[in-house]
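Novice: Can you keep this structure in mind? I'll have questions shortly.
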Amino acid sequence: MAGRANYWDYIRVEELLSLQGGLERDASHVSNDELRFITIHQIDELWFMLVLRELAEARDLFGRDHVPETALASAVAALRRVVLIFDLAARHFRLMETMRTQDYLQFRDKLSPASGFQSAQFREIEILLGLDEAQRLAFGNESSYLDAMREPDGSASPALRRVQKRQAERPTLKDAVYAWLRRTPISGSSPTDSGDERIVGDFVQSYLNSHSRSLDETKQATLKMQALTAADEARLDARYEAERQQAQRYLEALDAGDDERASRRRLRAAILFVDTYRQLPLLSWAGEVVDALIELEQGLLVFRQRHARMVERVIGRRVGTGGSEGVAYLDRTALEYRVFGDLWAARTLLLQPDQVPPVQNAEFYGLRNS
């Protein structure tokens, strides 16, 4: 029988408090600013550990061939815990900003060429989410971001092995969720049903027609309310026409290759169907999943942006310790790194409730006894 537990052993307090010594391995030899710098980054790594657990749980759920409707609430809760974690982590930057530039410069050279870019767990989060490798920005002089994870002699580090192990895992959260969304019944039809492609096509065309009418009404209202010059009217026409064409490009998946167009078309139709008719009982939790994923990615983007502003405030636009562009690199990741692009893009097409085409086979989406 195990002995009685006490707080300090359960939490491993003494071990935890012995880990803030930096390169000297002795906290008494580091300044208060450096101690704060180390501690905040260690806390971030603990947050990232929790994020990975939550994302993996959600990924495993959506990766099933059949996802029970009753399990969606727990998946949404997991995703929203990740949102909260990123919010808490972003708040740490306020504490970092209490450090003056000169205070940080006193120990900054110790870090070189180390960099937060080498956070294996943050790279794992990007991989698990499903960030496209082709989107990755060059950090320094490395041919691959994995090179930054190597030991100084080029050998594999624990960080590199951790990231490579995560790379080998399939599916990503994005792949799992998109596969699940793609199976959404549209007008009562599932992908395996006969005539599904025609039914999906009918929904897409009816929605595009409604979207086009909505654009025309909005444009006419704008013209009526504002005294515009002929040049202004031409610019307005061009903008609304571009939005009309973008809607068609999105829903018809004209940006996808021939081999994946049908699959991407059904996915996007399903996303829009869920977002448009989420008031129907069978689609309500699916709508919550879509919201949670967008909220999650927004939280990550805000974390990146907050990080960039903290760095710029403390050290300006210096070259990063690892040889990166510093703030410019951080800003670009916040701007360019998107995982759930199809979910974001669908928001541009959403219409007012009285403008959407009537849902077909509405009874299919009602409450069921079994």
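Ligands are numbered from 1 in the order shown, chains are lettered A, B, ... in the order of the structure tokens, and residues start at 1 in each chain.
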Excluding Ser18 in chain A and its own-chain neighbours fewer than 6 positions away, which residues fall within 9 Å of it when counting only C-alpha atoms? Please give them as a ChimeraX atom specification.

Specialist: /A:25-27

Novice: At most 6 Å is the cut-off: for each residue in range 10-116 of chain A with any atom that close to an atom of range 278-299 of chain A, write down the nearest atom pair and the distance in Å rounded to one decimal, counting only C-alpha atoms, chain first then increasing number, as a tab-separated table.

Specialist:
residue	atom	partner	partner_atom	distance
A:Val76	CA	A:Val289	CA	5.7
A:Val83	CA	A:Leu296	CA	5.0
A:Phe86	CA	A:Gly299	CA	5.9

Novice: Between A:Trp344, A:Phe37, A:Phe203, A:Phe364, single out the one closest to His92 in chain A, counting only C-alpha atoms.

Specialist: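 Going through A:Trp344, A:Phe37, A:Phe203, A:Phe364 one by one, the smallest distance to His92 in chain A is for A:Phe37.
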
Novice: Using only C-alpha atoms, which of the listed residues (A:Arg4, A:Arg161, A:Thr172, A:Leu52) sits closest to Ile85 in chain A?

Specialist: A:Leu52

Novice: Compile the contact shell of Glu54 in chain A as an mmCIF file with N, CA and C atoms, in the first residue's frame: residues with an atom at most 12 Å away, counting only C-alpha atoms, same-chain residues fewer than 5 positions apart removed.

Specialist:
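The resulting file, part.cif, is reproduced below:
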data_model
loop_
_atom_site.group_PDB
_atom_site.id
_atom_site.type_symbol
_atom_site.label_atom_id
_atom_site.label_comp_id
_atom_site.auth_asym_id
_atom_site.auth_seq_id
_atom_site.Cartn_x
_atom_site.Cartn_y
_atom_site.Cartn_z
ATOM 1 N N TRP A 47 2.427 24.664 -20.726
ATOM 2 C CA TRP A 47 1.165 24.916 -21.421
ATOM 3 C C TRP A 47 1.120 24.140 -22.736
ATOM 4 N N PHE A 48 2.230 24.159 -23.488
ATOM 5 C CA PHE A 48 2.270 23.465 -24.780
ATOM 6 C C PHE A 48 2.044 21.966 -24.606
ATOM 7 N N MET A 49 2.558 21.411 -23.518
ATOM 8 C CA MET A 49 2.336 19.993 -23.240
ATOM 9 C C MET A 49 0.840 19.704 -23.107
ATOM 10 N N ARG A 59 -8.108 15.028 -32.185
ATOM 11 C CA ARG A 59 -7.731 14.397 -33.449
ATOM 12 C C ARG A 59 -8.157 12.941 -33.478
ATOM 13 N N ASP A 60 -7.922 12.232 -32.391
ATOM 14 C CA ASP A 60 -8.274 10.811 -32.338
ATOM 15 C C ASP A 60 -9.773 10.597 -32.445
ATOM 16 N N LEU A 61 -10.547 11.519 -31.868
ATOM 17 C CA LEU A 61 -12.000 11.403 -31.950
ATOM 18 C C LEU A 61 -12.467 11.586 -33.391
ATOM 19 N N SER A 74 -17.477 16.889 -25.909
ATOM 20 C CA SER A 74 -16.161 16.758 -25.277
ATOM 21 C C SER A 74 -15.058 17.245 -26.206
ATOM 22 N N ALA A 75 -15.250 17.048 -27.516
ATOM 23 C CA ALA A 75 -14.254 17.536 -28.478
ATOM 24 C C ALA A 75 -14.224 19.058 -28.479
ATOM 25 N N VAL A 76 -15.395 19.677 -28.463
ATOM 26 C CA VAL A 76 -15.461 21.137 -28.420
ATOM 27 C C VAL A 76 -14.841 21.661 -27.133
ATOM 28 N N ALA A 77 -15.101 20.984 -26.026
ATOM 29 C CA ALA A 77 -14.517 21.401 -24.749
ATOM 30 C C ALA A 77 -12.993 21.340 -24.800
ATOM 31 N N ALA A 78 -12.449 20.288 -25.432
ATOM 32 C CA ALA A 78 -10.990 20.164 -25.554
ATOM 33 C C ALA A 78 -10.416 21.299 -26.391
ATOM 34 N N LEU A 79 -11.065 21.617 -27.513
ATOM 35 C CA LEU A 79 -10.581 22.689 -28.381
ATOM 36 C C LEU A 79 -10.639 24.029 -27.670
ATOM 37 N N ARG A 80 -11.687 24.250 -26.901
ATOM 38 C CA ARG A 80 -11.815 25.537 -26.212
ATOM 39 C C ARG A 80 -10.882 25.644 -25.015
ATOM 40 N N ARG A 81 -10.465 24.521 -24.455
ATOM 41 C CA ARG A 81 -9.414 24.582 -23.434
ATOM 42 C C ARG A 81 -8.104 25.055 -24.063
ATOM 43 N N VAL A 82 -7.848 24.618 -25.296
ATOM 44 C CA VAL A 82 -6.649 25.074 -25.993
ATOM 45 C C VAL A 82 -6.715 26.583 -26.225
ATOM 46 N N VAL A 83 -7.885 27.080 -26.583
ATOM 47 C CA VAL A 83 -8.069 28.527 -26.761
ATOM 48 C C VAL A 83 -7.695 29.261 -25.481
ATOM 49 N N LEU A 84 -8.176 28.757 -24.366
ATOM 50 C CA LEU A 84 -7.907 29.383 -23.074
ATOM 51 C C LEU A 84 -6.416 29.324 -22.738
ATOM 52 N N ILE A 85 -5.775 28.217 -23.048
ATOM 53 C CA ILE A 85 -4.345 28.085 -22.769
ATOM 54 C C ILE A 85 -3.543 29.113 -23.558
ATOM 55 N N ILE A 125 2.883 21.320 -32.133
ATOM 56 C CA ILE A 125 1.528 21.855 -32.194
ATOM 57 C C ILE A 125 1.173 22.191 -33.631
ATOM 58 N N LEU A 128 0.719 18.859 -35.526
ATOM 59 C CA LEU A 128 -0.500 18.151 -35.127
ATOM 60 C C LEU A 128 -1.745 18.871 -35.652
ATOM 61 N N LEU A 129 -1.720 20.190 -35.630
ATOM 62 C CA LEU A 129 -2.838 20.943 -36.191
ATOM 63 C C LEU A 129 -2.999 20.657 -37.678
ATOM 64 N N LEU A 173 -4.956 16.905 -37.097
ATOM 65 C CA LEU A 173 -6.284 17.335 -36.682
ATOM 66 C C LEU A 173 -7.056 17.879 -37.880
ATOM 67 N N LEU A 296 -9.862 28.564 -32.025
ATOM 68 C CA LEU A 296 -8.544 28.018 -31.691
ATOM 69 C C LEU A 296 -7.457 28.666 -32.551
#

Novice: Using only C-alpha atoms, which residue out of A:Val51, A:Ala334, A:Val177, A:Val327 lies closest to Glu124 in chain A?

Specialist: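 Of A:Val51, A:Ala334, A:Val177, A:Val327, the one nearest Glu124 in chain A is A:Val51, counting only C-alpha atoms.
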
Novice: Range 183-198 of chain A: which residues within 8 Å, counting only C-alpha atoms, same-chain residues fewer than 2 positions away excluded, as a list in words?

Specialist: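 What passes the distance filter is Ala179, Trp180, Leu181, Val200, Gly201, Asp202, Phe203, Leu267, Ala269, Ala270, Phe273, Val359, Gln360, Asn361, Ala362, Phe364 and Tyr365 of chain A.
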
Novice: What's the 9 Å shell around range 103-114 of chain A, counting only C-alpha atoms, without same-chain residues fewer than 4 positions away, as number ranges by chain?

Specialist: A: 23, 30-31, 33-34, 37, 99, 118, 148, 314-315, 320-323

Novice: When you look at Tyr337 in chain A with a cut-off of 12 Å (counting only C-alpha atoms), what residues show up, excluding the ones that are within fewer than 6 positions of it in the same chain? I need them as a PDB file with all heavy atoms, in the first residue's frame.

Specialist:
ATOM      1  N   GLU A 126       2.088  22.855 -34.332  1.00  0.00           N
ATOM      2  CA  GLU A 126       1.845  23.202 -35.735  1.00  0.00           C
ATOM      3  C   GLU A 126       1.627  21.953 -36.579  1.00  0.00           C
ATOM      4  O   GLU A 126       0.734  21.907 -37.432  1.00  0.00           O
ATOM      5  CB  GLU A 126       3.025  24.003 -36.281  1.00  0.00           C
ATOM      6  CG  GLU A 126       3.201  25.372 -35.636  1.00  0.00           C
ATOM      7  CD  GLU A 126       4.476  26.056 -36.070  1.00  0.00           C
ATOM      8  OE1 GLU A 126       5.425  25.360 -36.521  1.00  0.00           O
ATOM      9  OE2 GLU A 126       4.553  27.297 -35.952  1.00  0.00           O
ATOM     10  N   ILE A 127       2.448  20.937 -36.337  1.00  0.00           N
ATOM     11  CA  ILE A 127       2.350  19.691 -37.109  1.00  0.00           C
ATOM     12  C   ILE A 127       1.046  18.971 -36.805  1.00  0.00           C
ATOM     13  O   ILE A 127       0.344  18.512 -37.710  1.00  0.00           O
ATOM     14  CB  ILE A 127       3.559  18.786 -36.800  1.00  0.00           C
ATOM     15  CG1 ILE A 127       4.852  19.418 -37.340  1.00  0.00           C
ATOM     16  CG2 ILE A 127       3.364  17.386 -37.385  1.00  0.00           C
ATOM     17  CD1 ILE A 127       6.120  18.775 -36.799  1.00  0.00           C
ATOM     18  N   LEU A 129      -1.720  20.190 -35.630  1.00  0.00           N
ATOM     19  CA  LEU A 129      -2.838  20.943 -36.191  1.00  0.00           C
ATOM     20  C   LEU A 129      -2.999  20.657 -37.678  1.00  0.00           C
ATOM     21  O   LEU A 129      -4.115  20.555 -38.185  1.00  0.00           O
ATOM     22  CB  LEU A 129      -2.637  22.441 -35.982  1.00  0.00           C
ATOM     23  CG  LEU A 129      -2.927  22.987 -34.591  1.00  0.00           C
ATOM     24  CD1 LEU A 129      -2.496  24.444 -34.504  1.00  0.00           C
ATOM     25  CD2 LEU A 129      -4.407  22.854 -34.246  1.00  0.00           C
ATOM     26  N   GLY A 130      -1.874  20.554 -38.395  1.00  0.00           N
ATOM     27  CA  GLY A 130      -1.931  20.277 -39.823  1.00  0.00           C
ATOM     28  C   GLY A 130      -1.371  21.385 -40.685  1.00  0.00           C
ATOM     29  O   GLY A 130      -1.740  21.510 -41.857  1.00  0.00           O
ATOM     30  N   LEU A 131      -0.458  22.198 -40.138  1.00  0.00           N
ATOM     31  CA  LEU A 131       0.181  23.249 -40.933  1.00  0.00           C
ATOM     32  C   LEU A 131       0.892  22.622 -42.120  1.00  0.00           C
ATOM     33  O   LEU A 131       1.692  21.705 -41.967  1.00  0.00           O
ATOM     34  CB  LEU A 131       1.178  24.041 -40.078  1.00  0.00           C
ATOM     35  CG  LEU A 131       1.924  25.162 -40.801  1.00  0.00           C
ATOM     36  CD1 LEU A 131       0.972  26.283 -41.188  1.00  0.00           C
ATOM     37  CD2 LEU A 131       3.052  25.710 -39.925  1.00  0.00           C
ATOM     38  N   ASP A 132       0.606  23.123 -43.301  1.00  0.00           N
ATOM     39  CA  ASP A 132       1.204  22.606 -44.533  1.00  0.00           C
ATOM     40  C   ASP A 132       2.700  22.913 -44.530  1.00  0.00           C
ATOM     41  O   ASP A 132       3.112  24.054 -44.320  1.00  0.00           O
ATOM     42  CB  ASP A 132       0.529  23.259 -45.738  1.00  0.00           C
ATOM     43  CG  ASP A 132       0.921  22.614 -47.058  1.00  0.00           C
ATOM     44  OD1 ASP A 132       2.006  22.003 -47.130  1.00  0.00           O
ATOM     45  OD2 ASP A 132       0.159  22.743 -48.030  1.00  0.00           O
ATOM     46  N   GLU A 133       3.498  21.893 -44.761  1.00  0.00           N
ATOM     47  CA  GLU A 133       4.955  22.084 -44.770  1.00  0.00           C
ATOM     48  C   GLU A 133       5.376  23.115 -45.814  1.00  0.00           C
ATOM     49  O   GLU A 133       6.370  23.826 -45.634  1.00  0.00           O
ATOM     50  CB  GLU A 133       5.661  20.748 -45.041  1.00  0.00           C
ATOM     51  CG  GLU A 133       5.527  19.730 -43.914  1.00  0.00           C
ATOM     52  CD  GLU A 133       6.245  20.177 -42.651  1.00  0.00           C
ATOM     53  OE1 GLU A 133       7.408  20.591 -42.725  1.00  0.00           O
ATOM     54  OE2 GLU A 133       5.605  20.133 -41.580  1.00  0.00           O
ATOM     55  N   ALA A 134       4.628  23.215 -46.907  1.00  0.00           N
ATOM     56  CA  ALA A 134       4.976  24.173 -47.955  1.00  0.00           C
ATOM     57  C   ALA A 134       4.788  25.610 -47.493  1.00  0.00           C
ATOM     58  O   ALA A 134       5.341  26.537 -48.101  1.00  0.00           O
ATOM     59  CB  ALA A 134       4.131  23.907 -49.200  1.00  0.00           C
ATOM     60  N   GLN A 135       4.019  25.822 -46.435  1.00  0.00           N
ATOM     61  CA  GLN A 135       3.788  27.169 -45.926  1.00  0.00           C
ATOM     62  C   GLN A 135       4.938  27.678 -45.068  1.00  0.00           C
ATOM     63  O   GLN A 135       5.043  28.880 -44.831  1.00  0.00           O
ATOM     64  CB  GLN A 135       2.520  27.195 -45.055  1.00  0.00           C
ATOM     65  CG  GLN A 135       1.211  27.095 -45.814  1.00  0.00           C
ATOM     66  CD  GLN A 135       0.043  27.190 -44.840  1.00  0.00           C
ATOM     67  OE1 GLN A 135      -0.484  26.177 -44.387  1.00  0.00           O
ATOM     68  NE2 GLN A 135      -0.358  28.400 -44.504  1.00  0.00           N
ATOM     69  N   ARG A 136       5.777  26.777 -44.590  1.00  0.00           N
ATOM     70  CA  ARG A 136       6.783  27.165 -43.610  1.00  0.00           C
ATOM     71  C   ARG A 136       7.768  28.191 -44.180  1.00  0.00           C
ATOM     72  O   ARG A 136       8.216  28.085 -45.312  1.00  0.00           O
ATOM     73  CB  ARG A 136       7.533  25.948 -43.095  1.00  0.00           C
ATOM     74  CG  ARG A 136       6.674  25.067 -42.209  1.00  0.00           C
ATOM     75  CD  ARG A 136       7.518  24.097 -41.415  1.00  0.00           C
ATOM     76  NE  ARG A 136       6.692  23.275 -40.552  1.00  0.00           N
ATOM     77  CZ  ARG A 136       6.278  23.645 -39.332  1.00  0.00           C
ATOM     78  NH1 ARG A 136       6.630  24.828 -38.865  1.00  0.00           N
ATOM     79  NH2 ARG A 136       5.519  22.842 -38.612  1.00  0.00           N
ATOM     80  N   LEU A 137       8.099  29.169 -43.344  1.00  0.00           N
ATOM     81  CA  LEU A 137       9.042  30.209 -43.718  1.00  0.00           C
ATOM     82  C   LEU A 137      10.439  29.825 -43.261  1.00  0.00           C
ATOM     83  O   LEU A 137      10.611  29.196 -42.212  1.00  0.00           O
ATOM     84  CB  LEU A 137       8.640  31.532 -43.055  1.00  0.00           C
ATOM     85  CG  LEU A 137       7.239  32.040 -43.381  1.00  0.00           C
ATOM     86  CD1 LEU A 137       6.896  33.240 -42.493  1.00  0.00           C
ATOM     87  CD2 LEU A 137       7.139  32.427 -44.842  1.00  0.00           C
ATOM     88  N   GLU A 297      -7.692  28.681 -33.862  1.00  0.00           N
ATOM     89  CA  GLU A 297      -6.664  29.258 -34.726  1.00  0.00           C
ATOM     90  C   GLU A 297      -6.514  30.753 -34.483  1.00  0.00           C
ATOM     91  O   GLU A 297      -5.401  31.285 -34.536  1.00  0.00           O
ATOM     92  CB  GLU A 297      -6.971  28.983 -36.197  1.00  0.00           C
ATOM     93  CG  GLU A 297      -5.865  29.462 -37.116  1.00  0.00           C
ATOM     94  CD  GLU A 297      -5.763  28.678 -38.402  1.00  0.00           C
ATOM     95  OE1 GLU A 297      -6.805  28.341 -38.989  1.00  0.00           O
ATOM     96  OE2 GLU A 297      -4.626  28.402 -38.833  1.00  0.00           O
ATOM     97  N   GLN A 298      -7.609  31.426 -34.197  1.00  0.00           N
ATOM     98  CA  GLN A 298      -7.512  32.842 -33.869  1.00  0.00           C
ATOM     99  C   GLN A 298      -6.665  33.038 -32.610  1.00  0.00           C
ATOM    100  O   GLN A 298      -5.841  33.960 -32.533  1.00  0.00           O
ATOM    101  CB  GLN A 298      -8.909  33.429 -33.655  1.00  0.00           C
ATOM    102  CG  GLN A 298      -8.902  34.915 -33.339  1.00  0.00           C
ATOM    103  CD  GLN A 298     -10.298  35.474 -33.148  1.00  0.00           C
ATOM    104  OE1 GLN A 298     -11.282  34.740 -33.169  1.00  0.00           O
ATOM    105  NE2 GLN A 298     -10.404  36.771 -32.964  1.00  0.00           N
ATOM    106  N   LEU A 300      -4.259  31.165 -31.557  1.00  0.00           N
ATOM    107  CA  LEU A 300      -2.859  30.940 -31.907  1.00  0.00           C
ATOM    108  C   LEU A 300      -2.292  32.147 -32.657  1.00  0.00           C
ATOM    109  O   LEU A 300      -1.155  32.560 -32.423  1.00  0.00           O
ATOM    110  CB  LEU A 300      -2.743  29.676 -32.759  1.00  0.00           C
ATOM    111  CG  LEU A 300      -1.343  29.293 -33.256  1.00  0.00           C
ATOM    112  CD1 LEU A 300      -0.351  29.195 -32.105  1.00  0.00           C
ATOM    113  CD2 LEU A 300      -1.393  27.986 -34.032  1.00  0.00           C
ATOM    114  N   LEU A 301      -3.092  32.721 -33.560  1.00  0.00           N
ATOM    115  CA  LEU A 301      -2.638  33.896 -34.300  1.00  0.00           C
ATOM    116  C   LEU A 301      -2.416  35.082 -33.367  1.00  0.00           C
ATOM    117  O   LEU A 301      -1.432  35.819 -33.504  1.00  0.00           O
ATOM    118  CB  LEU A 301      -3.659  34.268 -35.376  1.00  0.00           C
ATOM    119  CG  LEU A 301      -3.834  33.276 -36.521  1.00  0.00           C
ATOM    120  CD1 LEU A 301      -5.007  33.682 -37.402  1.00  0.00           C
ATOM    121  CD2 LEU A 301      -2.569  33.166 -37.351  1.00  0.00           C
ATOM    122  N   VAL A 302      -3.312  35.268 -32.411  1.00  0.00           N
ATOM    123  CA  VAL A 302      -3.155  36.355 -31.440  1.00  0.00           C
ATOM    124  C   VAL A 302      -1.902  36.128 -30.602  1.00  0.00           C
ATOM    125  O   VAL A 302      -1.152  37.071 -30.304  1.00  0.00           O
ATOM    126  CB  VAL A 302      -4.409  36.468 -30.547  1.00  0.00           C
ATOM    127  CG1 VAL A 302      -4.157  37.411 -29.379  1.00  0.00           C
ATOM    128  CG2 VAL A 302      -5.600  36.941 -31.366  1.00  0.00           C
ATOM    129  N   ARG A 304       0.811  34.575 -31.577  1.00  0.00           N
ATOM    130  CA  ARG A 304       1.958  34.926 -32.424  1.00  0.00           C
ATOM    131  C   ARG A 304       2.125  36.452 -32.512  1.00  0.00           C
ATOM    132  O   ARG A 304       3.243  36.967 -32.417  1.00  0.00           O
ATOM    133  CB  ARG A 304       1.756  34.343 -33.827  1.00  0.00           C
ATOM    134  CG  ARG A 304       1.803  32.829 -33.944  1.00  0.00           C
ATOM    135  CD  ARG A 304       1.737  32.448 -35.418  1.00  0.00           C
ATOM    136  NE  ARG A 304       1.524  31.044 -35.669  1.00  0.00           N
ATOM    137  CZ  ARG A 304       2.500  30.123 -35.713  1.00  0.00           C
ATOM    138  NH1 ARG A 304       3.740  30.469 -35.480  1.00  0.00           N
ATOM    139  NH2 ARG A 304       2.209  28.859 -35.983  1.00  0.00           N
ATOM    140  N   GLN A 305       1.015  37.145 -32.742  1.00  0.00           N
ATOM    141  CA  GLN A 305       1.081  38.599 -32.863  1.00  0.00           C
ATOM    142  C   GLN A 305       1.529  39.258 -31.564  1.00  0.00           C
ATOM    143  O   GLN A 305       2.337  40.197 -31.574  1.00  0.00           O
ATOM    144  CB  GLN A 305      -0.293  39.137 -33.294  1.00  0.00           C
ATOM    145  CG  GLN A 305      -0.682  38.739 -34.704  1.00  0.00           C
ATOM    146  CD  GLN A 305      -2.157  38.926 -34.977  1.00  0.00           C
ATOM    147  OE1 GLN A 305      -2.962  39.064 -34.047  1.00  0.00           O
ATOM    148  NE2 GLN A 305      -2.537  38.947 -36.247  1.00  0.00           N
ATOM    149  N   TYR A 329      10.113  38.037 -38.980  1.00  0.00           N
ATOM    150  CA  TYR A 329       9.761  36.617 -39.110  1.00  0.00           C
ATOM    151  C   TYR A 329       8.493  36.309 -38.306  1.00  0.00           C
ATOM    152  O   TYR A 329       7.578  35.648 -38.806  1.00  0.00           O
ATOM    153  CB  TYR A 329      10.915  35.739 -38.622  1.00  0.00           C
ATOM    154  CG  TYR A 329      10.531  34.291 -38.422  1.00  0.00           C
ATOM    155  CD1 TYR A 329      10.471  33.412 -39.498  1.00  0.00           C
ATOM    156  CD2 TYR A 329      10.210  33.807 -37.147  1.00  0.00           C
ATOM    157  CE1 TYR A 329      10.101  32.089 -39.322  1.00  0.00           C
ATOM    158  CE2 TYR A 329       9.831  32.487 -36.966  1.00  0.00           C
ATOM    159  CZ  TYR A 329       9.785  31.630 -38.044  1.00  0.00           C
ATOM    160  OH  TYR A 329       9.406  30.327 -37.866  1.00  0.00           O
ATOM    161  N   LEU A 330       8.425  36.803 -37.069  1.00  0.00           N
ATOM    162  CA  LEU A 330       7.255  36.548 -36.230  1.00  0.00           C
ATOM    163  C   LEU A 330       5.991  37.141 -36.842  1.00  0.00           C
ATOM    164  O   LEU A 330       4.922  36.522 -36.826  1.00  0.00           O
ATOM    165  CB  LEU A 330       7.485  37.130 -34.830  1.00  0.00           C
ATOM    166  CG  LEU A 330       8.632  36.511 -34.026  1.00  0.00           C
ATOM    167  CD1 LEU A 330       8.841  37.283 -32.723  1.00  0.00           C
ATOM    168  CD2 LEU A 330       8.382  35.039 -33.733  1.00  0.00           C
ATOM    169  N   ASP A 331       6.106  38.339 -37.391  1.00  0.00           N
ATOM    170  CA  ASP A 331       4.954  38.967 -38.029  1.00  0.00           C
ATOM    171  C   ASP A 331       4.476  38.159 -39.228  1.00  0.00           C
ATOM    172  O   ASP A 331       3.270  38.023 -39.459  1.00  0.00           O
ATOM    173  CB  ASP A 331       5.300  40.393 -38.481  1.00  0.00           C
ATOM    174  CG  ASP A 331       5.200  41.405 -37.356  1.00  0.00           C
ATOM    175  OD1 ASP A 331       4.445  41.157 -36.394  1.00  0.00           O
ATOM    176  OD2 ASP A 331       5.870  42.447 -37.428  1.00  0.00           O
TER     177      ASP A 331
END

Novice: Select, from A:Leu35, A:Ala71, A:Ala90, A:Ala253, the residue with the minimum atom-to-atom distance to Phe303 in chain A, counting only C-alpha atoms.

Specialist: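 Answer, going by the shortest atom-to-atom distance: A:Ala90.
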
Novice: Here is a test: counting only C-alpha atoms, which residue of A:Ile11, A:Val204, A:Ala345, A:Val319 is nearest to Glu252 in chain A?

Specialist: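 Nearest candidate to Glu252 in chain A out of A:Ile11, A:Val204, A:Ala345, A:Val319: A:Val204.
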
Novice: Could you state the separation of CA of Phe117 in chain A and CA of Leu95 in chain A in Å, given to one decimal place?

Specialist: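 Computed distance, CA of Phe117 in chain A to CA of Leu95 in chain A, equals 20.2 Å.
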
Novice: Would you mind reading off the distance between CA of Ser214 in chain A and CA of Gln352 in chain A, one decimal, in Å?

Specialist: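 Atom-to-atom, CA of Ser214 in chain A to CA of Gln352 in chain A, that is 8.8 Å.
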